[in-house]
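*Asks:* Sharing input_33.tsv, TSV, C-alpha atoms and all ligand atoms:
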chain	number	residue	atom	x	y	z
A	1	MET	CA	-28.02	-41.19	-28.12
A	2	SER	CA	-27.82	-40.49	-24.46
A	3	SER	CA	-29.07	-37.65	-22.36
A	4	THR	CA	-27.41	-37.41	-19.00
A	5	ALA	CA	-28.94	-35.58	-16.10
A	6	GLY	CA	-26.56	-33.33	-14.21
A	7	ARG	CA	-24.42	-35.14	-11.69
A	8	GLY	CA	-22.30	-32.32	-10.41
A	9	ALA	CA	-19.87	-32.76	-13.25
A	10	TRP	CA	-17.94	-29.62	-12.66
A	11	THR	CA	-17.61	-30.27	-8.95
A	12	LEU	CA	-16.24	-33.71	-9.76
A	13	TYR	CA	-13.25	-32.21	-11.51
A	14	LEU	CA	-12.76	-29.18	-9.36
A	15	ASP	CA	-13.03	-30.78	-5.95
A	16	GLY	CA	-13.24	-34.51	-6.57
A	17	ALA	CA	-10.91	-37.34	-7.45
A	18	ASN	CA	-8.79	-35.29	-9.85
A	19	ALA	CA	-8.25	-32.30	-7.61
A	20	GLY	CA	-4.68	-32.15	-6.41
A	21	ALA	CA	-3.94	-35.45	-8.11
A	22	LYS	CA	-0.30	-36.30	-8.58
A	23	THR	CA	-0.79	-36.44	-12.31
A	24	PRO	CA	-3.70	-34.26	-13.38
A	25	PRO	CA	-5.70	-35.33	-16.45
A	26	GLU	CA	-4.25	-34.23	-19.77
A	27	ASP	CA	-5.85	-31.08	-21.03
A	28	ASP	CA	-5.26	-30.77	-24.75
A	29	ARG	CA	-3.02	-32.87	-26.97
A	30	SER	CA	-1.55	-29.77	-28.52
A	31	HIS	CA	-0.01	-28.44	-25.38
A	32	PRO	CA	1.33	-31.07	-22.97
A	33	LYS	CA	4.90	-30.82	-24.26
A	34	SER	CA	5.16	-27.05	-24.16
A	35	ALA	CA	7.06	-25.18	-21.49
A	36	LYS	CA	3.84	-23.37	-20.68
A	37	ALA	CA	2.11	-26.69	-20.06
A	38	LYS	CA	4.91	-27.89	-17.82
A	39	ARG	CA	4.51	-24.77	-15.75
A	40	GLY	CA	0.79	-25.52	-15.55
A	41	PHE	CA	1.47	-28.93	-14.08
A	42	SER	CA	3.74	-27.60	-11.39
A	43	VAL	CA	1.19	-24.98	-10.38
A	44	ARG	CA	-1.57	-27.59	-10.13
A	45	ARG	CA	0.46	-29.82	-7.88
A	46	LYS	CA	0.72	-27.15	-5.23
A	47	ARG	CA	-2.82	-26.58	-4.03
A	48	SER	CA	-1.92	-23.80	-1.64
A	49	ARG	CA	-0.24	-21.93	-4.47
A	50	ILE	CA	-3.29	-22.48	-6.72
A	51	THR	CA	-5.42	-20.66	-4.19
A	52	THR	CA	-3.01	-17.75	-4.02
A	53	VAL	CA	-2.63	-17.42	-7.80
A	54	SER	CA	-6.37	-17.86	-8.45
A	55	ALA	CA	-7.26	-15.22	-5.91
A	56	LEU	CA	-5.06	-12.71	-7.69
A	57	ARG	CA	-6.25	-13.47	-11.21
A	58	GLN	CA	-9.12	-11.91	-13.09
A	59	THR	CA	-12.56	-13.47	-12.59
A	60	TRP	CA	-13.87	-14.84	-15.88
A	61	THR	CA	-17.59	-14.46	-15.42
A	62	VAL	CA	-20.22	-15.75	-17.86
A	63	GLN	CA	-20.65	-12.15	-18.94
A	64	CYS	CA	-16.91	-11.65	-19.65
A	65	LEU	CA	-16.59	-14.89	-21.59
A	66	SER	CA	-19.85	-14.24	-23.47
A	67	GLY	CA	-18.49	-10.86	-24.55
A	68	GLN	CA	-15.37	-12.50	-25.93
A	69	LEU	CA	-17.39	-15.14	-27.81
A	70	HIS	CA	-19.62	-12.48	-29.28
A	71	ALA	CA	-16.58	-10.44	-30.35
A	72	LEU	CA	-15.21	-13.52	-32.08
A	73	GLY	CA	-18.33	-13.66	-34.27
A	74	ILE	CA	-20.56	-16.16	-32.45
A	75	HIS	CA	-24.20	-15.12	-32.34
A	76	PRO	CA	-27.62	-16.34	-31.13
A	77	GLY	CA	-28.95	-19.16	-33.29
A	78	ASP	CA	-25.50	-20.34	-34.42
A	79	ARG	CA	-24.60	-23.99	-34.47
A	80	LEU	CA	-21.10	-24.14	-33.04
A	81	PHE	CA	-18.63	-27.03	-32.90
A	82	VAL	CA	-15.91	-26.35	-30.30
A	83	HIS	CA	-12.48	-27.77	-29.63
A	84	THR	CA	-11.40	-26.49	-26.23
A	85	GLY	CA	-7.84	-26.60	-24.84
A	86	LEU	CA	-8.70	-25.59	-21.31
A	87	ARG	CA	-5.15	-25.21	-20.09
A	88	ALA	CA	-4.27	-22.59	-22.70
A	89	LEU	CA	-7.32	-20.52	-21.77
A	90	ARG	CA	-5.90	-20.20	-18.24
A	91	LEU	CA	-9.25	-19.95	-16.50
A	92	PRO	CA	-9.02	-20.23	-12.72
A	93	ARG	CA	-10.73	-23.40	-11.51
A	94	ARG	CA	-13.58	-21.48	-9.99
A	95	ASP	CA	-14.42	-20.02	-13.42
A	96	VAL	CA	-14.25	-23.19	-15.54
A	97	PRO	CA	-18.02	-23.86	-15.25
A	98	ASN	CA	-18.64	-20.40	-16.68
A	99	LEU	CA	-17.28	-21.44	-20.08
A	100	LEU	CA	-20.11	-23.85	-20.93
A	101	ALA	CA	-22.61	-21.36	-19.50
A	102	ALA	CA	-21.13	-18.65	-21.74
A	103	TYR	CA	-21.33	-20.81	-24.86
A	104	LEU	CA	-24.98	-21.53	-24.13
A	105	HIS	CA	-25.74	-17.94	-23.22
A	106	VAL	CA	-24.33	-16.59	-26.50
A	107	LEU	CA	-25.95	-19.27	-28.67
A	108	GLY	CA	-29.34	-18.74	-27.04
A	109	PRO	CA	-32.41	-20.98	-27.19
A	110	THR	CA	-32.31	-21.31	-30.99
A	111	GLY	CA	-28.60	-22.19	-31.20
A	112	ALA	CA	-26.70	-25.38	-30.41
A	113	LEU	CA	-23.28	-26.36	-29.13
A	114	PHE	CA	-21.40	-29.47	-30.26
A	115	PHE	CA	-18.07	-30.93	-29.14
A	116	PRO	CA	-16.06	-34.17	-29.54
A	117	THR	CA	-16.48	-36.88	-26.92
A	118	HIS	CA	-14.20	-39.43	-28.55
A	119	THR	CA	-13.37	-42.62	-26.65
A	120	TYR	CA	-11.05	-44.32	-29.20
A	121	SER	CA	-12.57	-47.64	-28.10
A	122	TYR	CA	-10.46	-49.78	-30.40
A	123	LYS	CA	-9.85	-53.40	-29.55
A	124	GLY	CA	-6.66	-53.83	-27.53
A	125	GLU	CA	-6.20	-50.09	-27.04
A	126	LYS	CA	-4.81	-49.40	-23.57
A	127	GLY	CA	-6.56	-46.62	-21.69
A	128	SER	CA	-9.66	-46.65	-23.91
A	129	PRO	CA	-13.00	-47.66	-22.40
A	130	ILE	CA	-15.38	-50.09	-24.05
A	131	PHE	CA	-17.90	-47.76	-25.65
A	132	ASP	CA	-21.34	-47.21	-24.24
A	133	GLN	CA	-23.38	-44.04	-24.00
A	134	ASP	CA	-21.86	-43.14	-20.63
A	135	ALA	CA	-18.25	-44.08	-21.39
A	136	PRO	CA	-15.81	-41.33	-20.39
A	137	CYS	CA	-13.98	-39.35	-23.08
A	138	HIS	CA	-10.42	-40.37	-23.83
A	139	PRO	CA	-7.93	-38.11	-22.00
A	140	LEU	CA	-6.25	-37.29	-25.32
A	141	ILE	CA	-9.12	-34.97	-26.27
A	142	GLY	CA	-8.73	-32.90	-23.14
A	143	VAL	CA	-10.48	-32.25	-19.86
A	144	TRP	CA	-13.24	-29.90	-21.00
A	145	PRO	CA	-15.23	-32.36	-23.20
A	146	GLU	CA	-15.58	-34.78	-20.29
A	147	LEU	CA	-16.81	-32.00	-18.00
A	148	ALA	CA	-19.30	-30.80	-20.61
A	149	ARG	CA	-20.44	-34.31	-21.57
A	150	ILE	CA	-22.08	-34.92	-18.21
A	151	ALA	CA	-23.69	-31.49	-17.93
A	152	PRO	CA	-27.51	-31.31	-17.92
A	153	GLY	CA	-29.25	-31.61	-21.28
A	154	VAL	CA	-26.24	-32.89	-23.22
A	155	ILE	CA	-26.96	-35.60	-25.80
A	156	ARG	CA	-24.30	-37.89	-27.25
A	157	SER	CA	-24.08	-39.74	-30.54
A	158	LEU	CA	-23.39	-43.47	-30.50
A	159	HIS	CA	-20.30	-43.78	-32.68
A	160	PRO	CA	-18.11	-46.33	-30.86
A	161	THR	CA	-14.79	-44.50	-31.33
A	162	HIS	CA	-15.56	-40.87	-32.25
A	163	ALA	CA	-18.84	-39.95	-30.53
A	164	ILE	CA	-19.92	-36.31	-30.62
A	165	ALA	CA	-22.10	-34.55	-28.06
A	166	GLY	CA	-24.39	-31.57	-28.33
A	167	VAL	CA	-26.79	-29.42	-26.40
A	168	GLY	CA	-29.41	-27.02	-27.73
A	169	ALA	CA	-31.89	-26.72	-30.56
A	170	GLY	CA	-31.97	-29.57	-33.08
A	171	VAL	CA	-29.03	-31.55	-31.70
A	172	ARG	CA	-30.89	-34.86	-31.76
A	173	LYS	CA	-31.34	-34.68	-35.54
A	174	ILE	CA	-27.67	-33.78	-36.14
A	175	LEU	CA	-26.34	-36.58	-33.91
A	176	ALA	CA	-28.77	-39.28	-35.05
A	177	GLY	CA	-27.37	-42.23	-36.96
A	178	HIS	CA	-23.68	-41.57	-36.25
A	179	GLU	CA	-23.27	-45.23	-35.29
A	180	GLY	CA	-24.07	-46.13	-38.90
A	181	THR	CA	-21.57	-43.79	-40.58
A	182	GLU	CA	-17.81	-43.46	-40.61
A	183	ALA	CA	-16.39	-41.42	-37.72
A	184	ALA	CA	-15.94	-38.30	-39.86
A	185	GLY	CA	-17.60	-39.36	-43.07
A	186	PHE	CA	-20.62	-38.72	-45.26
A	187	GLY	CA	-23.76	-38.36	-43.14
A	188	SER	CA	-21.81	-38.00	-39.88
A	189	PRO	CA	-22.67	-35.13	-37.51
A	190	LEU	CA	-19.78	-33.08	-38.93
A	191	GLY	CA	-21.06	-33.77	-42.44
A	192	LYS	CA	-24.51	-32.54	-41.45
A	193	LEU	CA	-23.21	-29.52	-39.55
A	194	GLN	CA	-21.21	-28.13	-42.45
A	195	GLN	CA	-24.34	-28.40	-44.59
A	196	VAL	CA	-26.42	-26.28	-42.23
A	197	GLY	CA	-23.96	-23.39	-41.94
A	198	ALA	CA	-22.30	-24.30	-38.64
A	199	LYS	CA	-19.12	-22.68	-37.33
A	200	VAL	CA	-16.08	-24.34	-35.75
A	201	LEU	CA	-14.08	-22.79	-32.91
A	202	MET	CA	-10.56	-23.78	-31.90
A	203	ALA	CA	-10.32	-22.34	-28.39
A	204	GLY	CA	-6.88	-22.66	-26.81
A	205	CYS	CA	-5.81	-25.21	-29.42
A	206	GLY	CA	-4.78	-25.31	-33.06
A	207	PHE	CA	-5.79	-27.12	-36.23
A	208	GLU	CA	-4.19	-30.36	-34.99
A	209	SER	CA	-7.42	-30.71	-32.98
A	210	CYS	CA	-9.76	-29.95	-35.89
A	211	THR	CA	-11.75	-33.11	-36.65
A	212	LEU	CA	-13.42	-31.36	-39.60
A	213	LEU	CA	-10.16	-31.75	-41.53
A	214	HIS	CA	-10.62	-35.53	-41.34
A	215	LEU	CA	-13.95	-34.99	-43.10
A	216	ALA	CA	-12.01	-33.07	-45.76
A	217	GLU	CA	-9.78	-36.14	-46.18
A	218	THR	CA	-12.90	-38.23	-46.76
A	219	TYR	CA	-14.37	-35.81	-49.30
A	220	ALA	CA	-11.00	-35.52	-51.07
A	221	GLN	CA	-10.62	-39.33	-51.02
A	222	VAL	CA	-6.94	-39.17	-50.04
A	223	PRO	CA	-5.11	-42.45	-50.82
A	224	HIS	CA	-4.50	-43.24	-47.14
A	225	LEU	CA	-8.16	-42.84	-46.14
A	226	ARG	CA	-8.70	-46.52	-45.42
A	227	LEU	CA	-5.20	-47.29	-44.23
A	228	PRO	CA	-5.08	-48.74	-40.70
A	229	GLN	CA	-3.21	-46.66	-38.14
A	230	ASP	CA	0.01	-48.01	-36.79
A	231	ASP	CA	-0.62	-50.47	-33.92
A	232	VAL	CA	-4.38	-49.85	-33.92
A	233	ILE	CA	-6.73	-52.76	-34.57
A	234	PRO	CA	-9.55	-51.47	-36.84
A	235	ILE	CA	-12.27	-52.96	-34.64
A	236	ALA	CA	-14.28	-51.02	-32.08
A	237	LEU	CA	-15.65	-52.56	-28.89
A	238	ALA	CA	-19.07	-51.51	-27.63
A	239	ARG	CA	-21.49	-52.71	-24.97
A	240	ARG	CA	-24.91	-53.94	-25.96
A	241	GLY	CA	-26.64	-54.82	-22.71
A	242	ARG	CA	-24.46	-57.44	-21.07
A	243	ARG	CA	-22.65	-58.31	-24.28
A	244	ILE	CA	-19.54	-56.73	-25.74
A	245	ILE	CA	-19.70	-56.55	-29.52
A	246	GLU	CA	-17.01	-55.94	-32.14
A	247	ILE	CA	-17.68	-53.31	-34.81
A	248	PRO	CA	-15.27	-53.20	-37.79
A	249	GLN	CA	-14.01	-49.71	-38.63
A	250	HIS	CA	-13.27	-48.86	-42.26
A	251	GLU	CA	-12.14	-45.23	-42.26
A	252	MET	CA	-10.10	-44.47	-39.17
A	253	PRO	CA	-9.18	-40.80	-38.77
A	254	GLY	CA	-5.38	-40.89	-38.75
A	255	CYS	CA	-2.65	-38.62	-37.50
A	256	SER	CA	-3.63	-34.96	-37.34
A	257	ASP	CA	-0.32	-33.54	-36.12
A	258	GLY	CA	0.32	-32.13	-39.60
A	259	PHE	CA	-3.00	-30.27	-39.84
A	260	PRO	CA	-1.53	-26.93	-38.68
A	261	LYS	CA	0.03	-26.85	-42.16
A	262	PHE	CA	-3.44	-25.87	-43.42
A	263	GLU	CA	-3.41	-22.70	-41.36
A	264	PRO	CA	-1.21	-20.34	-43.45
A	265	ARG	CA	-3.30	-20.84	-46.58
A	266	LEU	CA	-6.59	-20.70	-44.70
A	267	ARG	CA	-5.37	-17.48	-43.15
A	268	ALA	CA	-4.31	-16.09	-46.53
A	269	LEU	CA	-7.81	-16.83	-47.82
A	270	GLY	CA	-9.26	-14.84	-44.93
A	271	LEU	CA	-11.09	-17.87	-43.50
A	272	ILE	CA	-9.85	-17.56	-39.92
A	273	ARG	CA	-11.22	-15.03	-37.46
A	274	ASP	CA	-8.89	-14.56	-34.47
A	275	GLY	CA	-9.92	-13.51	-31.01
A	276	ALA	CA	-9.41	-14.09	-27.32
A	277	LEU	CA	-11.11	-16.48	-24.93
A	278	GLY	CA	-10.15	-16.30	-21.28
A	279	GLU	CA	-6.44	-15.56	-21.42
A	280	GLY	CA	-5.96	-17.69	-24.52
A	281	HIS	CA	-6.25	-17.41	-28.27
A	282	ALA	CA	-9.21	-18.67	-30.30
A	283	MET	CA	-9.87	-19.13	-34.02
A	284	LEU	CA	-13.34	-19.19	-35.55
A	285	CYS	CA	-14.14	-20.52	-39.05
A	286	GLU	CA	-17.24	-21.17	-41.10
A	287	MET	CA	-17.30	-24.96	-41.49
A	288	LYS	CA	-18.35	-25.05	-45.14
A	289	THR	CA	-15.76	-22.60	-46.44
A	290	LEU	CA	-13.04	-24.22	-44.31
A	291	LEU	CA	-14.02	-27.64	-45.60
A	292	ASP	CA	-14.12	-26.57	-49.27
A	293	ALA	CA	-10.71	-24.93	-48.99
A	294	ALA	CA	-9.19	-27.97	-47.25
A	295	ILE	CA	-10.63	-30.36	-49.84
A	296	SER	CA	-9.11	-28.27	-52.60
A	297	MET	CA	-5.71	-28.27	-50.86
A	298	LEU	CA	-5.82	-32.04	-50.28
A	299	LYS	CA	-6.72	-32.75	-53.89
A	300	GLU	CA	-3.80	-30.62	-54.97
A	301	ASN	CA	-1.39	-32.24	-52.51
A	302	PRO	CA	-2.81	-35.31	-50.68
A	303	LEU	CA	0.39	-35.85	-48.67
A	304	GLY	CA	1.07	-32.21	-47.88
A	305	PHE	CA	-0.70	-32.25	-44.53
A	306	LEU	CA	0.89	-35.33	-42.99
A	307	CYS	CA	3.19	-34.67	-40.08
A	308	ASP	CA	6.99	-34.50	-40.30
A	309	ASP	CA	7.63	-36.24	-37.00
A	310	LYS	CA	8.87	-39.79	-36.86
A	311	CYS	CA	5.33	-41.05	-37.22
A	312	ALA	CA	4.55	-44.58	-38.39
A	313	THR	CA	1.00	-43.63	-39.44
A	314	CYS	CA	2.13	-40.78	-41.72
A	315	ASP	CA	5.07	-42.80	-43.08
A	316	ALA	CA	2.63	-45.58	-43.98
A	317	ALA	CA	0.38	-43.01	-45.68
A	318	ARG	CA	3.30	-41.84	-47.82
A	319	ARG	CA	4.12	-45.44	-48.81
A	320	GLU	CA	0.48	-46.04	-49.67
A	321	ALA	CA	0.45	-42.99	-51.94
A	322	VAL	CA	3.45	-44.33	-53.85
A	323	ARG	CA	1.78	-47.72	-54.20
A	324	PHE	CA	-1.44	-46.00	-55.35
A	325	VAL	CA	0.41	-44.00	-58.03
A	326	ASN	CA	2.36	-47.04	-59.24
A	327	ALA	CA	-0.83	-49.13	-59.41
A	328	SER	CA	-2.66	-46.47	-61.41
A	329	THR	CA	0.17	-46.04	-63.93
A	330	THR	CA	0.67	-49.75	-64.71
A	401	ZN	ZN	1.83	-38.22	-38.20
Kindly return the structure encoded in the file as structure tokens.

*Replies:*
Amino acid sequence: MSSTAGRGAWTLYLDGANAGAKTPPEDDRSHPKSAKAKRGFSVRRKRSRITTVSALRQTWTVQCLSGQLHALGIHPGDRLFVHTGLRALRLPRRDVPNLLAAYLHVLGPTGALFFPTHTYSYKGEKGSPIFDQDAPCHPLIGVWPELARIAPGVIRSLHPTHAIAGVGAGVRKILAGHEGTEAAGFGSPLGKLQQVGAKVLMAGCGFESCTLLHLAETYAQVPHLRLPQDDVIPIALARRGRRIIEIPQHEMPGCSDGFPKFEPRLRALGLIRDGALGEGHAMLCEMKTLLDAAISMLKENPLGFLCDDKCATCDAARREAVRFVNASTT
């Protein structure tokens, strides 16, 4: 695990290399194609306009954001896993640092915050860094995790493709040993968190970002669990001193674009608490009850939560299910 001293992380994004960049970093994978997102890009490109718009918008102080988190059902002492789609929250740049401060303020000294810092460091994967404890997060998981990762006191697990970071009470114990487990498998940080009553927050994003549902796939032993993803070599690359080592990956979390299909039934079961964060929408769930419900749904219909896009990974999963059924009936 790594603990990184503060290096002006927030300033780096707000005023550094990315500020005013021609192509700003992707925020959240759930939003880049939306009309709203496209508008966001055009606003960011015009720095003078950013200043004007920001000046007119509400100031999202730590106190404001803390009030919203509290209203959602997050309390001191909670262990909270967050997925944050920063763009959808529409925080002015000046207020972005207040979000991490608000999470920590609400959770207090006995609570802890966790978030994905995935690098997808698969062999031959363009745009993915070779994993080490300081490797940057992959842009696909959004801007906020990379900003939070380098904040003071944050510790990171050492899984070479799906590292998780945390800050607060007891994070070291939760993150320990991730390099020896599957990304979202038994004994992983997510596996431990659901056992200790943690909550998961989707802030400005939907269930397509919810890594916990990959843990449900593991627990439900869906037929495509060990199926390689399309065009992804199931080997991770990580630095060990001056050497680069190859680490075979057995269970690779696949496509999650179909995961929003869980939402209507989770909602019908009363497992989702809705609220606001910044100017966006947020959903809070208890990890254990969400996981149990998802496992039950996957056992009932293992293919029901694959996506319906033209997706090679999900098509391969469907073929594997047919092969699995044929093999078990002959
Ligand atoms: Zn898919």

*Asks:* Find the residues near region 233-243 of chain A: any atom within 10 Å, counting only C-alpha atoms, skip ones fewer than 5 places away on the same chain, and give them as a PyMOL selection string.

*Replies:* chain A and resi 120-125+128-133+135+158-161+226-228+248-252

*Asks:* Could you list, with a cut-off of 8 Å and counting all atoms listed in the file, the residues of chain A near ligand ZN 401 (chain A), each shown with its nearest atom pair and the distance in Å rounded to one decimal, rows sorted by chain and ascending number, as a Markdown table?

*Replies:*
| residue | atom | partner | partner_atom | distance |
| --- | --- | --- | --- | --- |
| A:Gly254 | CA | A:ZN401 | ZN | 7.7 |
| A:Cys255 | CA | A:ZN401 | ZN | 4.6 |
| A:Ser256 | CA | A:ZN401 | ZN | 6.4 |
| A:Asp257 | CA | A:ZN401 | ZN | 5.6 |
| A:Gly258 | CA | A:ZN401 | ZN | 6.4 |
| A:Leu306 | CA | A:ZN401 | ZN | 5.7 |
| A:Cys307 | CA | A:ZN401 | ZN | 4.2 |
| A:Asp308 | CA | A:ZN401 | ZN | 6.7 |
| A:Asp309 | CA | A:ZN401 | ZN | 6.2 |
| A:Lys310 | CA | A:ZN401 | ZN | 7.3 |
| A:Cys311 | CA | A:ZN401 | ZN | 4.6 |
| A:Ala312 | CA | A:ZN401 | ZN | 6.9 |
| A:Thr313 | CA | A:ZN401 | ZN | 5.6 |
| A:Cys314 | CA | A:ZN401 | ZN | 4.4 |
| A:Asp315 | CA | A:ZN401 | ZN | 7.4 |

*Asks:* Point out the residue among A:Lys199, A:Arg149, A:Arg57, A:His214 with the least atom-to-atom distance to Gly111 (chain A), counting all atoms listed in the file.

*Replies:* A:Lys199

*Asks:* Do you know which residues are at most 6 Å from His118 (chain A) counting all atoms listed in the file, after dropping those on the same chain fewer than 5 positions away, and could you put them as a PDB file with C-alpha atoms, keeping the file's coordinate frame?

*Replies:*
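The result, written out as around-v9.pdb:
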ATOM      1  CA  CYS A 137     -13.980 -39.350 -23.080  1.00  0.00           C
ATOM      2  CA  THR A 161     -14.790 -44.500 -31.330  1.00  0.00           C
ATOM      3  CA  HIS A 162     -15.560 -40.870 -32.250  1.00  0.00           C
ATOM      4  CA  ALA A 163     -18.840 -39.950 -30.530  1.00  0.00           C
TER       5      ALA A 163
END

*Asks:* Figure out the distance between CA of Val196 (chain A) and CA of Thr211 (chain A), please, to one decimal in Å.

*Replies:*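 Spanning CA of Thr211 (chain A) to CA of Val196 (chain A) is a straight-line distance of 17.1 Å.
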
*Asks:* I need the residue nearest Trp144 (chain A) from this list: A:Phe115, A:Phe207, A:Phe259, A:Phe305. Use only C-alpha atoms for the distance.

*Replies:*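 Ranking A:Phe115, A:Phe207, A:Phe259, A:Phe305 by distance to Trp144 (chain A), first place goes to A:Phe115.
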
*Asks:* One decimal, Å: what's the distance from CA of Val106 (chain A) over to CA of His75 (chain A), could you say?

*Replies:*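 These two atoms are separated by 6.0 Å.
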
*Asks:* What does the distance from CA of Glu279 (chain A) to CA of Pro260 (chain A) come to in Å, to one decimal?

*Replies:* 21.2 Å

*Asks:* Could I get the residues of region 145-247 of chain A with an atom no further than 9 Å from an atom of region 282-303 of chain A, each paired with its nearest atom pair and that distance in Å to one decimal, using all atoms listed in the file, sorted by chain and residue number, as a tab-separated table?

*Replies:*
residue	atom	partner	partner_atom	distance
A:Leu190	CA	A:Met287	CA	8.9
A:Leu193	CA	A:Met287	CA	7.7
A:Gln194	CA	A:Lys288	CA	5.0
A:Gln195	CA	A:Lys288	CA	6.9
A:Val196	CA	A:Lys288	CA	8.7
A:Gly197	CA	A:Lys288	CA	6.7
A:Ala198	CA	A:Met287	CA	5.8
A:Lys199	CA	A:Glu286	CA	4.5
A:Val200	CA	A:Cys285	CA	5.4
A:Leu201	CA	A:Leu284	CA	4.5
A:Met202	CA	A:Met283	CA	5.2
A:Ala203	CA	A:Ala282	CA	4.3
A:Gly204	CA	A:Ala282	CA	5.8
A:Cys205	CA	A:Ala282	CA	7.4
A:Gly206	CA	A:Met283	CA	8.1
A:Leu212	CA	A:Leu291	CA	7.1
A:Leu213	CA	A:Ala294	CA	6.9
A:Leu215	CA	A:Leu291	CA	7.8
A:Ala216	CA	A:Ile295	CA	5.1
A:Glu217	CA	A:Ile295	CA	6.9
A:Thr218	CA	A:Ile295	CA	8.8
A:Tyr219	CA	A:Ile295	CA	6.6
A:Ala220	CA	A:Ile295	CA	5.3
A:Gln221	CA	A:Lys299	CA	8.2
A:Val222	CA	A:Pro302	CA	5.7
A:Pro223	CA	A:Pro302	CA	7.5
A:His224	CA	A:Pro302	CA	8.8

*Asks:* For a quick check of understanding, using only C-alpha atoms, which of A:Leu100, A:Ile155, A:Thr119, A:Leu266 has the smallest distance to His138 (chain A)?

*Replies:*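 Of A:Leu100, A:Ile155, A:Thr119, A:Leu266, the one nearest His138 (chain A), counting only C-alpha atoms, is A:Thr119.
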
*Asks:* Mind working out the centre and edge lengths of an axis-aligned box for region 81-86 of chain A, all listed atoms inside, 4 Å added to each side, rounded to one decimal in Å and written as lines of an AutoDock Vina configuration file?

*Replies:*
center_x = -13.2
center_y = -26.7
center_z = -27.1
size_x = 18.8
size_y = 10.2
size_z = 19.6

*Asks:* What lies within 12 Å of Ala102 (chain A) using only C-alpha atoms, ignoring chain neighbours under 3 positions off, as an NGL selection string?

*Replies:* :A and (60-70 or 74-76 or 95-99 or 105-108 or 113 or 277-278)

*Asks:* For Glu146 (chain A), find every residue with an atom within 9 Å (counting all atoms listed in the file), except residues of its own chain fewer than 5 positions away, and show them as a list in words.

*Replies:*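 In the requested format, the answer is Ala9, Thr117, Pro136, Cys137, His138, Pro139 and Ile141 of chain A.
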
*Asks:* Just checking: using all atoms listed in the file, which residue out of A:Thr59, A:Gly275, A:Ala165, A:Glu246 ends up closest to Arg93 (chain A)?

*Replies:* A:Thr59
